[in-house]
Each structure stands twice: as structure tokens, then as C-alpha cells.
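Visitor: Before we start, here is the structure in question, set down as C-alpha cells.
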2 protein chains.
Amino acid sequence: MARIDEVPRRRADARRNEEALLDAAAAAFVATGVEVPVRDIAARAGVGVGTVYRHFPTRADLVVAVYRHQVEACADAGPTHLAEVASPYEALVRWVDGFVDFLVTKHGLAGALRGDGSRFDALHGYFLERLVPVCDELLAAAAAAGEIRDDLSGYELMRGVGGLCAGAEDDERYDARRLVGVLVAGLRARPPGSPRR
Amino acid sequence: MARIDEVPRRRADARRNEEALLDAAAAAFVATGVEVPVRDIAARAGVGVGTVYRHFPTRADLVVAVYRHQVEACADAGPTHLAEVASPYEALVRWVDGFVDFLVTKHGLAGALRGDGSRFDALHGYFLERLVPVCDELLAAAAAAGEIRDDLSGYELMRGVGGLCAGAEDDERYDARRLVGVLVAGLRARPPGSPRR
DNA sequence: ACCGTAGCGGAACGCGGTTCCGCTTGGCCA
DNA sequence: TGGCCAAGCGGAACCGCGTTCCGCTACGGT
């Protein structure tokens, strides 16, 4: 009962370094993007690269740790929207908006949603695991209300949105939000070959 | 008048090597994807890496050379579709279908449409330069016919389609074609806040 | 056959992620 | 308070990749 720590106690410098690393990484991601070299993050935190890797087995784990809060907030927002607005489709639209905000705010984060390389496996996994169920729920609600087609999975929609947002910053000819808007508008159309009502 | 070659004549082995490189690269792209290491291509062709770089200043140039024919065919298909079907929107749909076929057939090619990294500048540039005007023409025709919204550029649509297709192979949970279908269906919706008819 | 140079091969470089290992030092115990 | 020892640290080292460089080879005109 008096157990303060379930986890075996860690040395003070270890906790201090982990904190410093999270701060340094957050700052580096803002300044340079998620692709910033591990060495730079280590330098910002005033530690060696070895220390980075002891605390975070791979750079993707570090990214996950930095953005965990915002991903959780995004996950929680789904049910909230559903409860607040009458139209499930409207709730979906709002949720996707928030998700896009998150993606385009952080340079290069959207690229991680693509499973192409193996460079961001942990990140990819965490994102999907946490957010796909939320997206599924919104889609199912809107489909049940007859507002959208029902043959798209949350995974597909999220992958799609991620793809549309990837590399969207620093390109003034391309407005990711507008394209996502078009995609979401397209959900209302019936799939080709489906019975007409 | 009797000039066979405008370009200064090149040595026989040079021409032979360039040919071998194009063949080797094409084979390697099919087997491994466009991200295949330059060293592998050189080995397949039985030449040194130096030779690769003398013929193609950067790996992106090699990719462009390999796919030039298909890009040209895709560019030509735009006007053809417009001439063949009555509805410009239908022509656009067909053209996008063909473009998607091209992208998903070649592993990783779609990723090059994203301007994110600088790794594929030449490729990116060539693709856009050649195909964006075609896409613009199709969009303009469909917009003029009142079939779609008129606030999207060819560049945006192509970037969007590229994003939706990136990393789509080897993921059975994700159907790039279906997502592109949703996006194109979304074009028919009016932009938010536009006058109702 | 001879020679100048276009062209070649592959070692070497820079960069980024990750691993490894000898040294430092925090924290417990006497 | 001093001493011990492993948790933890730093950064050199390694690997893979794109690209560059340079000494040698051999093509092809004379």
C-alpha cells in the first residue's frame, strides 16, 4: 500500500536526463522537424547519443513520447464531438480537422503514418493503435445515420488523411486542409455500383 | 544535312553501359522498388558506381530516364480522354485512374511526388512539369462544364493523388484506388461557403 | 602500332541511425 | 564519513547509403 513506485527506482541523474531529452526533443522537433538527427537532440540536451538510446530504444520511441499527450487528446476528442453535435458526419468532420491540425503543425509527422519505410515503426504502430478505433467509431456512426458510404475503414481514412498531409508545410501551392476537405466531402457519395437508396 | 548526330559522338562502351544501366535499373526497380541502392543497380549492370553517376548525375535522373516513356504516355492520355468521352469529368476520372495505375505499379514512385525531402528533386520536377498542365486542362474542362468545383489546381490534385498512393503496395488493409475514388468524388461537392448554384 | 583522352572502377567521404564498451558517479551500507 | 559497485553515461565505432574523386584502361582516330 505504501508502495510509491511499482517500477524499480531509477537514479536521479537518469530521471533528470530523460526529462532533459524530452524537452530537447520537443524543441528540436519544432525547430527542425521530426527528422532532426539524434545527435542534435543529444547535443541540445547536453548528453551523449548513448544516453538517448538507453532511454528511448529508437528515435521513433522518442517521437511517440514527445507527442503522446496530443495523441491522447486527439483520441478523446472523437467521443466528445459525437456527444456534442447532432450529426455524426459533422462530428467526423470536426475530428478530422483536429487531426489535420495536429499533423500539419508538427513538421514531417504525417510522413510517419505511411508504413512505407521501417524507420518509424513504433510511431506508426502507436498512432494507429490509439486513433484507428476512434476513427472507426465516427465512421460507423455516420454510416449508421446514412450520411456517408459504409465501405471505408478508419484505417483507410487515416492513412488517406496522413498521405494528403505528408510534406504539406513549406509548399504554398498546396493546401492540405482543402484536399482533406475534398476527401471528406467525397465520403458522402455512394460507392460505385451500390444500390440507389 | 548528312549530320547523323547533333551530339558529339560517344564511345561504343559508353553507349553500351548506358543501355545496360537502364535495363538493370528497370529490373531492379521492379524487383526492389525505386529505393534500391545505387550500388545494386551498378552491380546488376556489371559496372562501377562511378559509371552510374557519369551517365546519370543523380539517382533521380536515372529514375526519370527509366520511366520517361510511361510519363509521356500518361501526359498524352489526357487530351485523348477529353476527345473520346462527352463528359470532361468522366475524362478526368479515367485519366486519374491511369495515373494511379502507373503510381501503384512501381513501388515507391508515388513517394517521389511529395516534395518533402530533397532526395528526388529531379524526379519531382519532371513529373510535375510534364503532368500538371495536363491535369490542369482536365480540371478546367470539367469546371467549365459545371461538373466540379473550380478552386483546385492540377498541382494540388496530383499532389493529393500521389499522397494517397504513397506506400500503398504491400498493405492489404489499404486500397489506394478506393481512396482516390473518394477524393475524386469529393470534387463534385461545392466548396464550403460558395454560392448555391 | 601509337597515343591522347573519354570513360571506367571502386576506394573514400559525409551523413544518419544504432551499438558497444570503458569510465564515472549516485546511492546504499558500514 | 568513507567505500563499494552496478546503473548510467559519453562518444568512438560500425553499418548502409548517396555521392565524389582520381589513377588506370582501352577506344578509336591517325
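For the C-alpha cells, the naming scheme is as follows: chains receive sequential letters (A, B, ...) according to their order of presentation, residues are indexed from 1 within each chain, and ligands are indexed from 1 in presentation order.
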How would chain A read as a JSON list (two decimals) with C-alpha atoms, in the first residue's frame once least-squares superposed on chain B using all paired C-alpha atoms?

Guide:
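Below you can see superposed_10.json, which holds the result:
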```json
[["chain", "number", "residue", "atom", "x", "y", "z"],
["A", 1, "MET", "CA", 22.20, 17.87, -93.70],
["A", 2, "ALA", "CA", 24.19, 14.70, -93.55],
["A", 3, "ARG", "CA", 24.67, 15.23, -89.81],
["A", 4, "ILE", "CA", 23.71, 11.96, -88.16],
["A", 5, "ASP", "CA", 24.50, 13.17, -84.69],
["A", 6, "GLU", "CA", 24.04, 16.68, -83.40],
["A", 7, "VAL", "CA", 25.56, 15.51, -80.14],
["A", 8, "PRO", "CA", 29.32, 14.87, -80.12],
["A", 9, "ARG", "CA", 29.85, 11.18, -80.75],
["A", 10, "ARG", "CA", 30.29, 9.00, -77.67],
["A", 11, "ARG", "CA", 32.41, 5.93, -77.39],
["A", 12, "ALA", "CA", 30.79, 2.58, -78.08],
["A", 13, "ASP", "CA", 31.34, 1.27, -74.54],
["A", 14, "ALA", "CA", 29.71, 4.39, -73.12],
["A", 15, "ARG", "CA", 26.54, 3.84, -75.14],
["A", 16, "ARG", "CA", 26.56, 0.15, -74.26],
["A", 17, "ASN", "CA", 26.89, 0.92, -70.56],
["A", 18, "GLU", "CA", 24.09, 3.44, -70.58],
["A", 19, "GLU", "CA", 21.83, 0.88, -72.19],
["A", 20, "ALA", "CA", 22.87, -1.78, -69.68],
["A", 21, "LEU", "CA", 22.23, 0.64, -66.83],
["A", 22, "LEU", "CA", 18.72, 1.47, -68.00],
["A", 23, "ASP", "CA", 17.90, -2.23, -68.29],
["A", 24, "ALA", "CA", 19.45, -3.06, -64.94],
["A", 25, "ALA", "CA", 17.68, -0.18, -63.24],
["A", 26, "ALA", "CA", 14.33, -1.15, -64.71],
["A", 27, "ALA", "CA", 14.79, -4.71, -63.48],
["A", 28, "ALA", "CA", 15.96, -3.56, -60.05],
["A", 29, "PHE", "CA", 13.02, -1.18, -59.68],
["A", 30, "VAL", "CA", 10.61, -4.01, -60.42],
["A", 31, "ALA", "CA", 12.37, -6.38, -58.05],
["A", 32, "THR", "CA", 13.10, -4.05, -55.15],
["A", 33, "GLY", "CA", 11.40, -0.70, -55.79],
["A", 34, "VAL", "CA", 12.76, 2.71, -56.75],
["A", 35, "GLU", "CA", 14.63, 2.89, -53.46],
["A", 36, "VAL", "CA", 17.04, 0.16, -54.49],
["A", 37, "PRO", "CA", 20.65, 1.19, -53.68],
["A", 38, "VAL", "CA", 22.70, 2.60, -56.53],
["A", 39, "ARG", "CA", 25.38, 0.00, -55.82],
["A", 40, "ASP", "CA", 22.91, -2.79, -56.56],
["A", 41, "ILE", "CA", 21.97, -1.29, -59.89],
["A", 42, "ALA", "CA", 25.64, -0.90, -60.78],
["A", 43, "ALA", "CA", 26.30, -4.52, -59.86],
["A", 44, "ARG", "CA", 23.35, -5.76, -61.94],
["A", 45, "ALA", "CA", 24.68, -3.81, -64.92],
["A", 46, "GLY", "CA", 28.20, -5.09, -64.30],
["A", 47, "VAL", "CA", 29.69, -1.60, -63.96],
["A", 48, "GLY", "CA", 31.14, 0.48, -61.14],
["A", 49, "VAL", "CA", 29.16, 3.13, -59.30],
["A", 50, "GLY", "CA", 31.26, 5.83, -60.90],
["A", 51, "THR", "CA", 29.83, 4.84, -64.25],
["A", 52, "VAL", "CA", 26.29, 5.19, -62.98],
["A", 53, "TYR", "CA", 26.99, 8.73, -61.86],
["A", 54, "ARG", "CA", 28.71, 9.75, -65.08],
["A", 55, "HIS", "CA", 25.62, 8.79, -67.07],
["A", 56, "PHE", "CA", 23.04, 9.96, -64.54],
["A", 57, "PRO", "CA", 24.15, 12.81, -62.26],
["A", 58, "THR", "CA", 21.84, 11.62, -59.50],
["A", 59, "ARG", "CA", 19.71, 8.57, -58.84],
["A", 60, "ALA", "CA", 16.58, 10.61, -59.53],
["A", 61, "ASP", "CA", 17.79, 11.22, -63.08],
["A", 62, "LEU", "CA", 18.07, 7.49, -63.56],
["A", 63, "VAL", "CA", 14.52, 6.98, -62.35],
["A", 64, "VAL", "CA", 13.32, 9.69, -64.70],
["A", 65, "ALA", "CA", 15.10, 8.05, -67.63],
["A", 66, "VAL", "CA", 13.59, 4.66, -66.86],
["A", 67, "TYR", "CA", 10.02, 5.92, -66.60],
["A", 68, "ARG", "CA", 10.10, 8.67, -69.22],
["A", 69, "HIS", "CA", 8.10, 6.61, -71.70],
["A", 70, "GLN", "CA", 5.28, 5.90, -69.29],
["A", 71, "VAL", "CA", 5.12, 9.50, -68.10],
["A", 72, "GLU", "CA", 4.83, 10.64, -71.71],
["A", 73, "ALA", "CA", 2.08, 8.12, -72.34],
["A", 74, "CYS", "CA", 0.25, 9.38, -69.28],
["A", 75, "ALA", "CA", 0.58, 12.97, -70.46],
["A", 76, "ASP", "CA", -0.77, 12.08, -73.89],
["A", 77, "ALA", "CA", -3.70, 10.22, -72.39],
["A", 78, "GLY", "CA", -5.27, 13.42, -71.03],
["A", 79, "PRO", "CA", -6.28, 15.03, -74.33],
["A", 80, "THR", "CA", -7.21, 11.61, -75.68],
["A", 81, "HIS", "CA", -9.73, 11.01, -72.92],
["A", 82, "LEU", "CA", -11.14, 14.50, -73.33],
["A", 83, "ALA", "CA", -11.71, 13.82, -77.02],
["A", 84, "GLU", "CA", -13.23, 10.40, -76.49],
["A", 85, "VAL", "CA", -15.85, 10.93, -73.83],
["A", 86, "ALA", "CA", -18.55, 13.55, -73.69],
["A", 87, "SER", "CA", -18.20, 14.39, -70.00],
["A", 88, "PRO", "CA", -14.96, 16.14, -69.03],
["A", 89, "TYR", "CA", -15.44, 14.83, -65.50],
["A", 90, "GLU", "CA", -15.51, 11.29, -66.84],
["A", 91, "ALA", "CA", -12.33, 12.03, -68.78],
["A", 92, "LEU", "CA", -10.71, 13.31, -65.60],
["A", 93, "VAL", "CA", -11.75, 10.18, -63.73],
["A", 94, "ARG", "CA", -10.21, 7.97, -66.40],
["A", 95, "TRP", "CA", -7.02, 9.95, -66.51],
["A", 96, "VAL", "CA", -6.62, 9.82, -62.74],
["A", 97, "ASP", "CA", -7.24, 6.07, -62.89],
["A", 98, "GLY", "CA", -4.42, 5.66, -65.35],
["A", 99, "PHE", "CA", -2.15, 7.83, -63.27],
["A", 100, "VAL", "CA", -2.90, 5.77, -60.17],
["A", 101, "ASP", "CA", -2.19, 2.58, -62.09],
["A", 102, "PHE", "CA", 1.19, 3.96, -62.99],
["A", 103, "LEU", "CA", 1.96, 5.02, -59.43],
["A", 104, "VAL", "CA", 0.95, 1.87, -57.61],
["A", 105, "THR", "CA", 2.56, -0.40, -60.18],
["A", 106, "LYS", "CA", 6.02, 0.97, -59.47],
["A", 107, "HIS", "CA", 6.98, 0.48, -55.83],
["A", 108, "GLY", "CA", 7.62, 3.73, -54.11],
["A", 109, "LEU", "CA", 7.25, 5.98, -57.13],
["A", 110, "ALA", "CA", 4.37, 7.83, -55.51],
["A", 111, "GLY", "CA", 6.62, 8.94, -52.69],
["A", 112, "ALA", "CA", 8.58, 10.97, -55.19],
["A", 113, "LEU", "CA", 5.61, 13.25, -55.78],
["A", 114, "ARG", "CA", 5.94, 14.55, -52.28],
["A", 115, "GLY", "CA", 8.46, 17.36, -52.31],
["A", 116, "ASP", "CA", 9.41, 16.71, -48.70],
["A", 117, "GLY", "CA", 12.97, 15.49, -48.91],
["A", 118, "SER", "CA", 15.44, 16.71, -51.48],
["A", 119, "ARG", "CA", 16.23, 13.14, -52.48],
["A", 120, "PHE", "CA", 14.09, 13.15, -55.58],
["A", 121, "ASP", "CA", 14.17, 16.70, -56.82],
["A", 122, "ALA", "CA", 14.78, 15.90, -60.48],
["A", 123, "LEU", "CA", 12.07, 13.28, -60.47],
["A", 124, "HIS", "CA", 9.61, 15.52, -58.71],
["A", 125, "GLY", "CA", 10.35, 18.33, -61.13],
["A", 126, "TYR", "CA", 9.97, 16.24, -64.25],
["A", 127, "PHE", "CA", 6.76, 14.63, -63.11],
["A", 128, "LEU", "CA", 5.11, 17.90, -62.28],
["A", 129, "GLU", "CA", 6.37, 19.79, -65.29],
["A", 130, "ARG", "CA", 5.04, 17.16, -67.64],
["A", 131, "LEU", "CA", 1.79, 16.16, -65.98],
["A", 132, "VAL", "CA", 0.47, 19.20, -64.14],
["A", 133, "PRO", "CA", -0.51, 21.05, -67.35],
["A", 134, "VAL", "CA", -2.46, 17.99, -68.48],
["A", 135, "CYS", "CA", -4.22, 17.76, -65.16],
["A", 136, "ASP", "CA", -4.96, 21.48, -65.23],
["A", 137, "GLU", "CA", -6.58, 21.10, -68.62],
["A", 138, "LEU", "CA", -8.83, 18.28, -67.47],
["A", 139, "LEU", "CA", -9.83, 20.15, -64.34],
["A", 140, "ALA", "CA", -10.55, 23.32, -66.28],
["A", 141, "ALA", "CA", -12.71, 21.46, -68.77],
["A", 142, "ALA", "CA", -14.73, 19.76, -66.04],
["A", 143, "ALA", "CA", -15.08, 23.02, -64.12],
["A", 144, "ALA", "CA", -16.19, 24.85, -67.26],
["A", 145, "ALA", "CA", -18.85, 22.21, -67.77],
["A", 146, "GLY", "CA", -20.04, 22.86, -64.22],
["A", 147, "GLU", "CA", -19.31, 19.29, -63.19],
["A", 148, "ILE", "CA", -16.86, 20.07, -60.40],
["A", 149, "ARG", "CA", -15.71, 22.87, -58.12],
["A", 150, "ASP", "CA", -13.23, 25.19, -59.77],
["A", 151, "ASP", "CA", -10.89, 26.12, -56.93],
["A", 152, "LEU", "CA", -8.45, 23.24, -57.20],
["A", 153, "SER", "CA", -5.27, 23.33, -59.22],
["A", 154, "GLY", "CA", -3.81, 20.41, -61.15],
["A", 155, "TYR", "CA", -0.82, 20.60, -58.87],
["A", 156, "GLU", "CA", -2.97, 20.15, -55.80],
["A", 157, "LEU", "CA", -4.91, 17.25, -57.25],
["A", 158, "MET", "CA", -1.73, 15.48, -58.32],
["A", 159, "ARG", "CA", -0.02, 16.03, -55.01],
["A", 160, "GLY", "CA", -3.12, 14.70, -53.33],
["A", 161, "VAL", "CA", -3.33, 11.60, -55.49],
["A", 162, "GLY", "CA", 0.39, 11.01, -54.99],
["A", 163, "GLY", "CA", -0.04, 11.29, -51.24],
["A", 164, "LEU", "CA", -2.90, 8.83, -51.23],
["A", 165, "CYS", "CA", -0.89, 6.32, -53.24],
["A", 166, "ALA", "CA", 2.42, 6.65, -51.40],
["A", 167, "GLY", "CA", 3.44, 3.41, -49.76],
["A", 168, "ALA", "CA", 0.16, 1.75, -50.70],
["A", 169, "GLU", "CA", 1.58, -1.52, -51.97],
["A", 170, "ASP", "CA", 2.30, -4.22, -49.37],
["A", 171, "ASP", "CA", -0.56, -3.00, -47.19],
["A", 172, "GLU", "CA", -3.66, -5.11, -47.69],
["A", 173, "ARG", "CA", -5.69, -3.00, -45.27],
["A", 174, "TYR", "CA", -5.43, 0.02, -47.56],
["A", 175, "ASP", "CA", -6.83, 0.37, -51.05],
["A", 176, "ALA", "CA", -5.30, 3.45, -52.68],
["A", 177, "ARG", "CA", -7.65, 3.25, -55.63],
["A", 178, "ARG", "CA", -10.68, 3.41, -53.41],
["A", 179, "LEU", "CA", -9.36, 6.43, -51.52],
["A", 180, "VAL", "CA", -8.55, 8.22, -54.76],
["A", 181, "GLY", "CA", -12.09, 7.44, -55.84],
["A", 182, "VAL", "CA", -13.41, 9.15, -52.73],
["A", 183, "LEU", "CA", -11.21, 12.18, -53.37],
["A", 184, "VAL", "CA", -12.33, 12.51, -56.96],
["A", 185, "ALA", "CA", -15.96, 12.07, -55.91],
["A", 186, "GLY", "CA", -15.40, 14.92, -53.46],
["A", 187, "LEU", "CA", -14.55, 17.22, -56.36],
["A", 188, "ARG", "CA", -18.23, 17.31, -57.27],
["A", 189, "ALA", "CA", -19.15, 18.93, -53.98],
["A", 190, "ARG", "CA", -19.27, 22.69, -53.91],
["A", 191, "PRO", "CA", -16.55, 24.42, -51.86],
["A", 192, "PRO", "CA", -17.88, 25.55, -48.47],
["A", 193, "GLY", "CA", -19.32, 29.04, -48.63],
["A", 194, "SER", "CA", -19.77, 29.11, -52.39],
["A", 195, "PRO", "CA", -23.00, 30.51, -53.81],
["A", 196, "ARG", "CA", -25.60, 27.81, -54.19],
["A", 197, "ARG", "CA", -25.81, 27.54, -57.99]]
```

Visitor: With a distance cut-off of 12 Å and only C-alpha atoms (C1' of nucleotides), select the neighbouring residues of DT24 of chain C, excluding the residue or stretch itself and same-chain residues fewer than 2 positions from it, and output the selection as a ChimeraX atom specification.

Guide: /C:22,26 /D:5-10

Visitor: Considering only C-alpha atoms (C1' of nucleotides), return as a list of chain:residue names whatever protein or nucleic-acid residues lie within 12 Å of DC4 of chain D, sequence-local ones (same chain, fewer than 3 positions apart) excluded.

Guide: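 Once the adjacent positions are removed, what remains is C:DT25, C:DG26, C:DG27, C:DC28, C:DC29, C:DA30.
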
Visitor: Any idea what's packed within 12 Å of DG29 of chain D, counting only C-alpha atoms (C1' of nucleotides), ignoring anything in its chain fewer than 4 positions away? Could you give it as a PyMOL selection string?

Guide: (chain B and resi 11) or (chain C and resi 2-5)

Visitor: Would you list the contacts of segment 21-25 of chain D as a list in words, taking every protein, DNA or RNA residue within 12 Å and counting only C-alpha atoms (C1' of nucleotides), but skipping same-chain residues closer than 2 positions in sequence?

Guide: Gly50 and Tyr53 of chain B; DT5, DA6, DG7, DC8, DG9, DG10, DA11, DA12 and DC13 of chain C; DT19 and DC27 of chain D

Visitor: Selection from above, N, CA and C atoms (P, O5', C5', C4', C3', O3' and C1' of nucleotides), as a short mmCIF file (atom, residue, chain, number, x, y, z; two decimals), in the first residue's frame, can you write it?

Guide:
```cif
data_model
loop_
_atom_site.label_atom_id
_atom_site.label_comp_id
_atom_site.auth_asym_id
_atom_site.auth_seq_id
_atom_site.Cartn_x
_atom_site.Cartn_y
_atom_site.Cartn_z
N GLY B 50 30.80 4.68 -60.15
CA GLY B 50 31.24 5.88 -60.86
C GLY B 50 30.58 6.01 -62.21
N TYR B 53 27.06 7.34 -62.07
CA TYR B 53 26.96 8.79 -61.86
C TYR B 53 27.45 9.61 -63.04
P DT C 5 44.51 15.20 -75.24
"O5'" DT C 5 43.19 14.41 -74.86
"C5'" DT C 5 42.31 13.95 -75.88
"C4'" DT C 5 41.35 12.93 -75.31
"C3'" DT C 5 40.73 13.34 -73.97
"O3'" DT C 5 39.39 12.91 -73.99
"C1'" DT C 5 41.66 11.24 -73.76
P DA C 6 38.21 13.99 -73.67
"O5'" DA C 6 36.94 13.06 -73.92
"C5'" DA C 6 36.88 12.28 -75.10
"C4'" DA C 6 36.27 10.91 -74.80
"C3'" DA C 6 35.09 10.93 -73.84
"O3'" DA C 6 34.18 9.93 -74.28
"C1'" DA C 6 36.83 9.66 -72.86
P DG C 7 32.82 9.67 -73.48
"O5'" DG C 7 33.31 8.56 -72.46
"C5'" DG C 7 33.87 7.37 -72.98
"C4'" DG C 7 34.24 6.46 -71.85
"C3'" DG C 7 33.21 6.38 -70.71
"O3'" DG C 7 32.87 5.01 -70.56
"C1'" DG C 7 35.38 6.68 -69.86
P DC C 8 31.93 4.53 -69.37
"O5'" DC C 8 33.00 3.81 -68.43
"C5'" DC C 8 33.84 2.81 -69.00
"C4'" DC C 8 34.74 2.25 -67.94
"C3'" DC C 8 33.99 1.89 -66.66
"O3'" DC C 8 34.20 0.54 -66.32
"C1'" DC C 8 35.86 3.31 -66.19
P DG C 9 33.18 -0.11 -65.23
"O5'" DG C 9 34.14 -0.20 -63.96
"C5'" DG C 9 35.39 -0.82 -64.10
"C4'" DG C 9 36.13 -0.73 -62.80
"C3'" DG C 9 35.34 -1.15 -61.57
"O3'" DG C 9 36.20 -1.90 -60.73
"C1'" DG C 9 36.01 1.12 -61.34
P DG C 10 35.61 -2.82 -59.56
"O5'" DG C 10 36.10 -2.12 -58.21
"C5'" DG C 10 37.38 -1.50 -58.16
"C4'" DG C 10 37.36 -0.40 -57.14
"C3'" DG C 10 36.45 -0.66 -55.93
"O3'" DG C 10 37.09 -0.11 -54.80
"C1'" DG C 10 35.91 1.36 -56.83
P DA C 11 37.41 -0.97 -53.52
"O5'" DA C 11 38.54 -0.15 -52.76
"C5'" DA C 11 39.62 0.42 -53.49
"C4'" DA C 11 39.83 1.88 -53.06
"C3'" DA C 11 39.63 2.13 -51.56
"O3'" DA C 11 40.58 3.12 -51.16
"C1'" DA C 11 38.09 3.44 -52.76
P DA C 12 40.64 3.63 -49.60
"O5'" DA C 12 39.78 4.97 -49.62
"C5'" DA C 12 40.10 5.98 -50.56
"C4'" DA C 12 39.25 7.21 -50.27
"C3'" DA C 12 38.96 7.47 -48.79
"O3'" DA C 12 39.01 8.86 -48.58
"C1'" DA C 12 36.93 7.25 -49.94
P DC C 13 38.90 9.50 -47.09
"O5'" DC C 13 37.56 10.34 -47.17
"C5'" DC C 13 37.38 11.27 -48.25
"C4'" DC C 13 35.99 11.86 -48.17
"C3'" DC C 13 35.52 12.14 -46.74
"O3'" DC C 13 34.92 13.42 -46.69
"C1'" DC C 13 33.95 10.79 -47.87
P DT D 19 22.55 11.05 -54.84
"O5'" DT D 19 24.10 11.40 -54.76
"C5'" DT D 19 24.56 12.22 -53.67
"C4'" DT D 19 26.06 12.33 -53.70
"C3'" DT D 19 26.67 12.65 -55.09
"O3'" DT D 19 27.37 13.88 -54.98
"C1'" DT D 19 27.91 10.97 -53.95
P DC D 27 38.32 -1.41 -75.69
"O5'" DC D 27 37.50 -0.30 -76.48
"C5'" DC D 27 36.86 0.71 -75.70
"C4'" DC D 27 36.77 2.00 -76.48
"C3'" DC D 27 36.57 1.85 -77.99
"O3'" DC D 27 35.63 2.86 -78.35
"C1'" DC D 27 38.57 3.06 -77.58
#
```

Visitor: Based on the backbone DSSP call, show me all residues of segment 61-158 of chain B assigned helix (DSSP H, G or I), as an MDAnalysis selection string.

Guide: chainID B and resid 61:84 88:105 110:113 121:144 154:158

Visitor: Wanna dump the chain C-chain A contacts at 12 Å for me, each residue with its shortest atom pair and the distance in Å to one decimal, counting only C-alpha atoms (C1' of nucleotides), ordered by chain and number, as JSON lines?

Guide:
```
{"residue": "C:DC15", "atom": "C1'", "partner": "A:Pro37", "partner_atom": "CA", "distance": 9.6}
{"residue": "C:DG16", "atom": "C1'", "partner": "A:Pro37", "partner_atom": "CA", "distance": 6.8}
{"residue": "C:DG17", "atom": "C1'", "partner": "A:Val38", "partner_atom": "CA", "distance": 7.8}
{"residue": "C:DT18", "atom": "C1'", "partner": "A:Tyr53", "partner_atom": "CA", "distance": 8.2}
{"residue": "C:DT19", "atom": "C1'", "partner": "A:Gly50", "partner_atom": "CA", "distance": 8.7}
{"residue": "C:DC20", "atom": "C1'", "partner": "A:Gly50", "partner_atom": "CA", "distance": 9.4}
{"residue": "C:DC21", "atom": "C1'", "partner": "A:Gly50", "partner_atom": "CA", "distance": 11.0}
{"residue": "C:DT25", "atom": "C1'", "partner": "A:Asp13", "partner_atom": "CA", "distance": 9.6}
{"residue": "C:DG26", "atom": "C1'", "partner": "A:Arg11", "partner_atom": "CA", "distance": 6.7}
{"residue": "C:DG27", "atom": "C1'", "partner": "A:Arg11", "partner_atom": "CA", "distance": 8.0}
```
